[in-house]
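Report on the structure given below.
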Amino acid sequence: MADRPSVIMKKNLWNNNPIFIQILGICSTLAVTNNLVNTLIMTVGLVFVTGFTNLSVSLLKELIPDRVRMIIQTLIIAFYVIIVDIVLRAYLPAISRSLGPYVGLIITNCIIMGRAEGFARSNPPVISLWDGITSGIGYMWVLVMIAFFRELLGSGSLFGIKILPDNFTYWTIMVMPPSAFFLLGIVIWICKSLILKKEGGK
Amino acid sequence: MNKNSLVYTVVFSFLTAFFFVFLLSMADTLTKEKTEDNARKTFYKAVLKSSGIDFRSDDDSVPVFKKYFSSYKDGDDVLRTEVDGKEIVVKVFRGSGLWGTITGVIAFSSDLERIAGFEIISHNETPGLGGRIDEDWFKEQFDWEKISPSGITVRKGSGSYDSDTENSEVEGITGASLTSKSVETIINDNIRIMKGEGSNG
């Protein structure tokens, strides 16, 4: 019943993108995208967590009792998120400090639970891992794109390196959460019209 | 065995929880030394930066710190040293921000006429808003700022930078007036603590 890997990838990156089609994981989209470094680290963390949670849930799917299914899934998600947190604290202390509580909040990202429930529970392990990773990347590319514009216009820099000249007036709104709303709205608008146009052309 | 029986559910949940928590505590123990080492270096770097002492790299901060603060013992919250002939007093602080505790250090000239520097060690403020108190432009405003009788004022943020070190004022963070206010309170409380200590001792 599972789709081919290439179909799954296309779905997760575009046709059924977690951000602009499923509208999941919005809180973190609004919160971390004012800075490219933080966005990248956080989304890499999410790719890792989604991938391995899917793998673990799929491996254990025959063993997990239905009644405590969700609790076990949350336990697995929390396990991987804390691993990410521990690794960041030990090896990337500066990033860990600037991300603050947002690493812990990966646990509440709906994309992970959504994929565990919607895919890993009824599919074999390897394809579940692939589905998790591509879902994470679908989330990553949209966030990185939003962060690119927010950091460039809000702080005049990319990855913390000054790009725009000093006399450029920074758009303060870009570093604040509301701007992510506008940018996300624009992204959803553009992507959906592209998808609709393609469907209409068929 | 029935997968949905009560006994199985309880035993399975217990074993799974035990297994994952065991792995976590292992990972935590393995990285403990490294994490503590990072925390120590973060503290050393904050003290050195606030007192205006240069160091080349993270690893370099350890010997430089030991050289300037040879009498420091773990847990001390007032450190004294001399930089380029000027006596500096560094106060370690803990105070409440908008969401959680803010910790850091404030360096004063020994006569408590001026703030020599301000550094943050940890905070839980909103990234991109209150979290910007950890950005250099904000912290640098405190360098050699004069302390008025009423302390330091953090103005409502307008997106500019206050380079005047005589007006006892610094620019707050736009969109984060509560965090800016917390920083002001923390600094003034610590100025008072230091002044109190000075008159007693």
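Numbering starts fresh at 1 for the residues of each chain in the structure tokens, the chains themselves are lettered A, B, ... in the order given, and ligands are numbered from 1 as they appear.
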
(message) Near chain B, meaning an atom within 8 Å, which residues of chain A appear when counting only C-alpha atoms? Write them as a count of residues only.
(response) 30

(message) DSSP on the backbone, strand (DSSP E or B) only: what residues of region 21-202 of chain A does that give? Format it as a PyMOL selection string.
(response) chain A and resi 157-158+161-162

Quick one: write out the picked residues with N, CA and C atoms as an mmCIF file, in the first residue's frame?
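The new file result_31.cif reads:
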data_model
loop_
_atom_site.group_PDB
_atom_site.id
_atom_site.type_symbol
_atom_site.label_atom_id
_atom_site.label_comp_id
_atom_site.auth_asym_id
_atom_site.auth_seq_id
_atom_site.Cartn_x
_atom_site.Cartn_y
_atom_site.Cartn_z
ATOM 1 N N SER A 157 21.559 40.765 7.359
ATOM 2 C CA SER A 157 22.631 39.769 7.292
ATOM 3 C C SER A 157 22.085 38.412 6.866
ATOM 4 N N LEU A 158 22.991 37.505 6.522
ATOM 5 C CA LEU A 158 22.633 36.116 6.239
ATOM 6 C C LEU A 158 23.592 35.244 7.019
ATOM 7 N N ILE A 161 26.243 37.068 8.847
ATOM 8 C CA ILE A 161 27.251 37.884 8.148
ATOM 9 C C ILE A 161 26.552 39.059 7.476
ATOM 10 N N LYS A 162 27.039 40.267 7.753
ATOM 11 C CA LYS A 162 26.421 41.462 7.191
ATOM 12 C C LYS A 162 26.450 41.430 5.677
#

Quick one: residues within 6 Å of Ser168 (chain B), only C-alpha atoms counted, chain neighbours fewer than 2 positions away excluded, as a short mmCIF file (atom, residue, chain, number, x, y, z; two decimals) with C-alpha atoms, in the first residue's frame?
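Written output follows (out-v9.cif):
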data_model
loop_
_atom_site.label_atom_id
_atom_site.label_comp_id
_atom_site.auth_asym_id
_atom_site.auth_seq_id
_atom_site.Cartn_x
_atom_site.Cartn_y
_atom_site.Cartn_z
CA GLU B 145 28.08 54.03 31.31
CA LYS B 146 27.89 56.50 34.18
CA ILE B 147 25.71 55.42 37.13
CA SER B 148 23.36 58.21 38.21
CA ILE B 152 20.55 53.15 34.98
CA GLU B 166 27.30 60.13 30.40
#

(message) So that I can check the surroundings of Phe55 (chain B), please list as a ChimeraX atom specification every protein, DNA and RNA residue that reaches within 12 Å of it, counting only C-alpha atoms and ignoring chain neighbours fewer than 3 positions away.
(response) /B:41,44-49,51-52,58-68

Spatial neighbours of Lys86 (chain B), 10 Å, only C-alpha atoms, chain gap at least 5 places, as a short mmCIF file (atom, residue, chain, number, x, y, z; two decimals) with C-alpha atoms, in the first residue's frame:
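Full text of selection26.cif as output:
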data_model
loop_
_atom_site.label_atom_id
_atom_site.label_comp_id
_atom_site.auth_asym_id
_atom_site.auth_seq_id
_atom_site.Cartn_x
_atom_site.Cartn_y
_atom_site.Cartn_z
CA THR B 81 40.81 42.39 39.48
CA SER B 109 34.67 50.41 38.25
CA SER B 110 35.79 49.91 41.85
#

I'd like to know which residues of chain A are alpha helix (DSSP H) (by DSSP, run on the backbone); could you write them as a compact mmCIF listing (two decimals) with C-alpha atoms, in the first residue's frame?
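Generated file (out_14.txt):
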# COMPACT_ATOMS: atom_id res chain seq x y z
CA PRO A 5 10.07 6.44 -2.35
CA SER A 6 10.14 9.07 -5.11
CA VAL A 7 6.38 9.61 -4.83
CA ILE A 8 6.65 9.98 -1.05
CA MET A 9 9.41 12.53 -1.46
CA LYS A 10 7.44 14.56 -3.97
CA ILE A 26 3.27 26.76 12.54
CA CYS A 27 4.34 27.89 16.03
CA SER A 28 7.97 27.09 15.35
CA THR A 29 7.68 28.66 11.91
CA LEU A 30 6.71 31.93 13.52
CA ALA A 31 9.25 31.70 16.33
CA VAL A 32 12.62 30.64 14.99
CA LEU A 36 19.04 31.50 9.50
CA VAL A 37 21.53 29.72 11.78
CA ASN A 38 18.88 28.92 14.40
CA THR A 39 16.39 27.91 11.71
CA LEU A 40 18.84 25.54 10.09
CA ILE A 41 19.92 23.86 13.34
CA MET A 42 16.35 23.52 14.56
CA THR A 43 15.09 22.06 11.27
CA VAL A 44 18.02 19.63 11.06
CA GLY A 45 17.03 18.55 14.58
CA LEU A 46 13.47 18.08 13.37
CA VAL A 47 14.53 16.02 10.34
CA PHE A 48 16.49 13.76 12.69
CA VAL A 49 13.67 13.43 15.20
CA THR A 50 10.93 12.84 12.61
CA GLY A 51 13.02 10.26 10.76
CA PHE A 52 14.01 8.22 13.79
CA THR A 53 10.64 8.50 15.52
CA ASN A 54 9.03 7.07 12.38
CA LEU A 55 11.62 4.30 12.27
CA SER A 56 11.13 3.39 15.93
CA VAL A 57 7.34 3.55 15.81
CA SER A 58 7.33 1.39 12.71
CA LEU A 59 9.67 -1.17 14.29
CA LEU A 60 7.53 -1.36 17.42
CA ARG A 69 -0.25 4.07 21.46
CA MET A 70 -0.08 7.86 21.64
CA ILE A 71 1.75 7.92 24.95
CA ILE A 72 4.39 5.55 23.63
CA GLN A 73 4.78 7.69 20.50
CA THR A 74 5.20 10.82 22.62
CA LEU A 75 7.78 8.99 24.73
CA ILE A 76 9.76 8.09 21.63
CA ILE A 77 9.54 11.66 20.28
CA ALA A 78 10.64 13.10 23.62
CA PHE A 79 13.53 10.65 23.73
CA TYR A 80 14.97 11.82 20.41
CA VAL A 81 14.38 15.49 21.17
CA ILE A 82 16.26 15.24 24.46
CA ILE A 83 19.09 13.49 22.63
CA VAL A 84 19.25 16.48 20.24
CA ASP A 85 19.22 18.83 23.22
CA ILE A 86 22.02 16.96 25.00
CA VAL A 87 24.17 16.91 21.86
CA LEU A 88 23.65 20.63 21.26
CA ARG A 89 24.46 21.48 24.86
CA ALA A 90 27.67 19.45 24.78
CA TYR A 91 28.99 20.31 21.33
CA PRO A 93 26.74 25.49 23.41
CA ALA A 94 26.33 28.85 21.66
CA ILE A 95 23.51 27.59 19.42
CA SER A 96 21.94 25.76 22.33
CA ARG A 97 21.82 29.02 24.27
CA SER A 98 20.33 31.06 21.47
CA LEU A 99 17.68 28.43 20.69
CA CYS A 110 2.61 18.29 15.15
CA ILE A 111 4.49 17.09 12.08
CA ILE A 112 6.30 14.37 14.05
CA MET A 113 3.22 12.91 15.70
CA GLY A 114 1.30 13.34 12.45
CA ARG A 115 3.80 11.21 10.52
CA ALA A 116 4.06 8.62 13.30
CA GLU A 117 0.28 8.19 13.44
CA GLY A 118 -0.45 8.67 9.77
CA PRO A 125 10.49 0.63 8.91
CA VAL A 126 12.77 1.74 6.07
CA ILE A 127 10.10 3.54 4.07
CA SER A 128 8.89 5.14 7.33
CA LEU A 129 12.37 6.47 7.99
CA TRP A 130 12.39 7.90 4.47
CA ASP A 131 8.94 9.43 4.95
CA GLY A 132 10.05 11.05 8.20
CA ILE A 133 13.21 12.47 6.70
CA THR A 134 11.47 13.88 3.62
CA SER A 135 8.67 15.37 5.75
CA GLY A 136 11.34 17.07 7.83
CA ILE A 137 13.01 18.39 4.69
CA GLY A 138 9.65 19.64 3.42
CA TYR A 139 9.41 21.64 6.64
CA MET A 140 13.05 22.69 6.42
CA TRP A 141 13.06 24.24 2.97
CA VAL A 142 10.00 26.38 3.61
CA LEU A 143 11.41 27.63 6.95
CA VAL A 144 14.85 28.33 5.54
CA MET A 145 13.26 30.32 2.74
CA ILE A 146 11.21 32.40 5.18
CA ALA A 147 14.25 32.87 7.42
CA PHE A 148 16.29 34.05 4.43
CA PHE A 149 13.96 37.00 3.84
CA ARG A 150 13.43 37.75 7.51
CA GLU A 151 17.10 37.83 8.41
CA LEU A 152 18.07 39.73 5.26
CA LEU A 153 15.46 42.47 5.68
CA GLY A 154 15.29 42.46 9.48
CA SER A 155 18.97 42.34 10.37
CA PRO A 177 6.63 37.09 14.89
CA PRO A 178 3.92 38.94 12.88
CA SER A 179 6.17 39.16 9.82
CA ALA A 180 6.35 35.37 9.70
CA PHE A 181 2.56 35.39 9.44
CA PHE A 182 2.70 37.65 6.39
CA LEU A 183 5.53 35.72 4.77
CA LEU A 184 3.90 32.38 5.50
CA GLY A 185 0.67 33.68 4.01
CA ILE A 186 2.52 34.72 0.87
CA VAL A 187 4.25 31.32 0.66
CA ILE A 188 0.94 29.47 1.01
CA TRP A 189 -0.62 31.73 -1.61
CA ILE A 190 2.17 31.23 -4.17
CA CYS A 191 2.54 27.49 -3.63
CA LYS A 192 -1.17 26.77 -3.67
CA SER A 193 -1.73 28.76 -6.84
CA LEU A 194 1.13 26.88 -8.50
CA ILE A 195 -0.38 23.55 -7.46
CA LEU A 196 -3.89 24.60 -8.55
CA LYS A 197 -2.60 25.87 -11.88
CA LYS A 198 -0.93 22.53 -12.55
CA GLU A 199 -4.06 20.62 -11.63
CA GLY A 200 -6.21 22.89 -13.76
CA GLY A 201 -3.93 22.36 -16.75

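Atom pair CA of Lys73 (chain B) / CA of Asp189 (chain B) has a distance of 23.7 Å (rounded to one decimal).
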
(request) For region 135-143 of chain B, list every protein, DNA or RNA residue within 9 Å, evaluated using only C-alpha atoms, and leave out those in the same chain fewer than 6 positions away; present the list as a ChimeraX atom specification. (result) /B:50,52,107,114-120,161-165,168-173

(message) What's around region 181-188 of chain B at 9 Å? Count only C-alpha atoms, leave out sequence neighbours fewer than 2 positions away in its own chain, and write the answer as a VMD selection string.
(response) chain B and resid 93 to 98 102 106 133 150 to 156 172 176 to 179 190 to 193

Keeping only N, CA and C atoms, take the residues you just selected and write them out as a short mmCIF file (atom, residue, chain, number, x, y, z; two decimals), in the first residue's frame.
data_model
loop_
_atom_site.label_atom_id
_atom_site.label_comp_id
_atom_site.auth_asym_id
_atom_site.auth_seq_id
_atom_site.Cartn_x
_atom_site.Cartn_y
_atom_site.Cartn_z
N PHE B 93 25.16 37.94 38.79
CA PHE B 93 23.77 38.20 39.19
C PHE B 93 22.81 37.11 38.71
N ARG B 94 21.71 36.98 39.42
CA ARG B 94 20.56 36.17 39.02
C ARG B 94 19.35 37.06 39.20
N GLY B 95 18.48 37.12 38.23
CA GLY B 95 17.30 37.96 38.39
C GLY B 95 16.20 37.43 37.50
N SER B 96 14.97 37.90 37.72
CA SER B 96 13.90 37.33 36.90
C SER B 96 13.66 38.17 35.66
N GLY B 97 13.57 37.51 34.54
CA GLY B 97 13.20 38.15 33.29
C GLY B 97 11.71 37.99 33.08
N LEU B 98 11.29 38.05 31.82
CA LEU B 98 9.87 37.91 31.56
C LEU B 98 9.42 36.45 31.72
N ILE B 102 17.27 35.23 34.52
CA ILE B 102 18.38 35.72 33.71
C ILE B 102 19.61 35.68 34.60
N ILE B 106 27.90 41.68 35.85
CA ILE B 106 28.06 43.11 35.61
C ILE B 106 29.42 43.51 36.19
N ILE B 133 18.54 40.74 24.15
CA ILE B 133 19.39 41.32 25.19
C ILE B 133 20.77 40.68 25.15
N SER B 150 20.02 57.51 40.69
CA SER B 150 18.88 56.59 40.61
C SER B 150 19.21 55.34 39.79
N GLY B 151 20.45 55.20 39.40
CA GLY B 151 20.84 53.99 38.68
C GLY B 151 20.89 54.20 37.17
N ILE B 152 20.50 53.15 36.45
CA ILE B 152 20.55 53.15 34.98
C ILE B 152 19.12 53.08 34.47
N THR B 153 18.85 53.80 33.39
CA THR B 153 17.51 53.71 32.79
C THR B 153 17.61 53.00 31.44
N VAL B 154 16.77 51.99 31.24
CA VAL B 154 16.68 51.36 29.93
C VAL B 154 15.48 51.99 29.24
N ARG B 155 15.76 52.78 28.19
CA ARG B 155 14.68 53.50 27.51
C ARG B 155 13.82 52.54 26.68
N LYS B 156 12.62 53.00 26.34
CA LYS B 156 11.77 52.24 25.43
C LYS B 156 12.48 52.15 24.09
N GLY B 172 16.47 50.38 24.93
CA GLY B 172 15.89 49.06 25.15
C GLY B 172 15.69 48.31 23.85
N ALA B 176 10.12 44.49 23.06
CA ALA B 176 10.34 43.66 24.24
C ALA B 176 10.53 44.56 25.45
N SER B 177 9.52 45.41 25.70
CA SER B 177 9.69 46.38 26.78
C SER B 177 9.72 45.72 28.15
N LEU B 178 9.03 44.57 28.29
CA LEU B 178 9.03 43.92 29.61
C LEU B 178 10.40 43.32 29.93
N THR B 179 11.02 42.69 28.94
CA THR B 179 12.36 42.15 29.16
C THR B 179 13.34 43.30 29.42
N ASN B 190 21.35 45.27 41.58
CA ASN B 190 22.74 44.88 41.84
C ASN B 190 23.63 46.07 42.17
N ILE B 191 23.32 47.24 41.57
CA ILE B 191 24.07 48.45 41.93
C ILE B 191 23.85 48.73 43.42
N ARG B 192 22.57 48.59 43.84
CA ARG B 192 22.24 48.84 45.24
C ARG B 192 22.97 47.84 46.15
N ILE B 193 22.96 46.57 45.75
CA ILE B 193 23.64 45.56 46.56
C ILE B 193 25.12 45.92 46.70
#

(message) Report, in Å to a single decimal, how far apart CA of Gly25 (chain A) and CA of Val103 (chain A) are.
(response)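 We find that CA of Val103 (chain A) and CA of Gly25 (chain A) lie 13.3 Å from each other.
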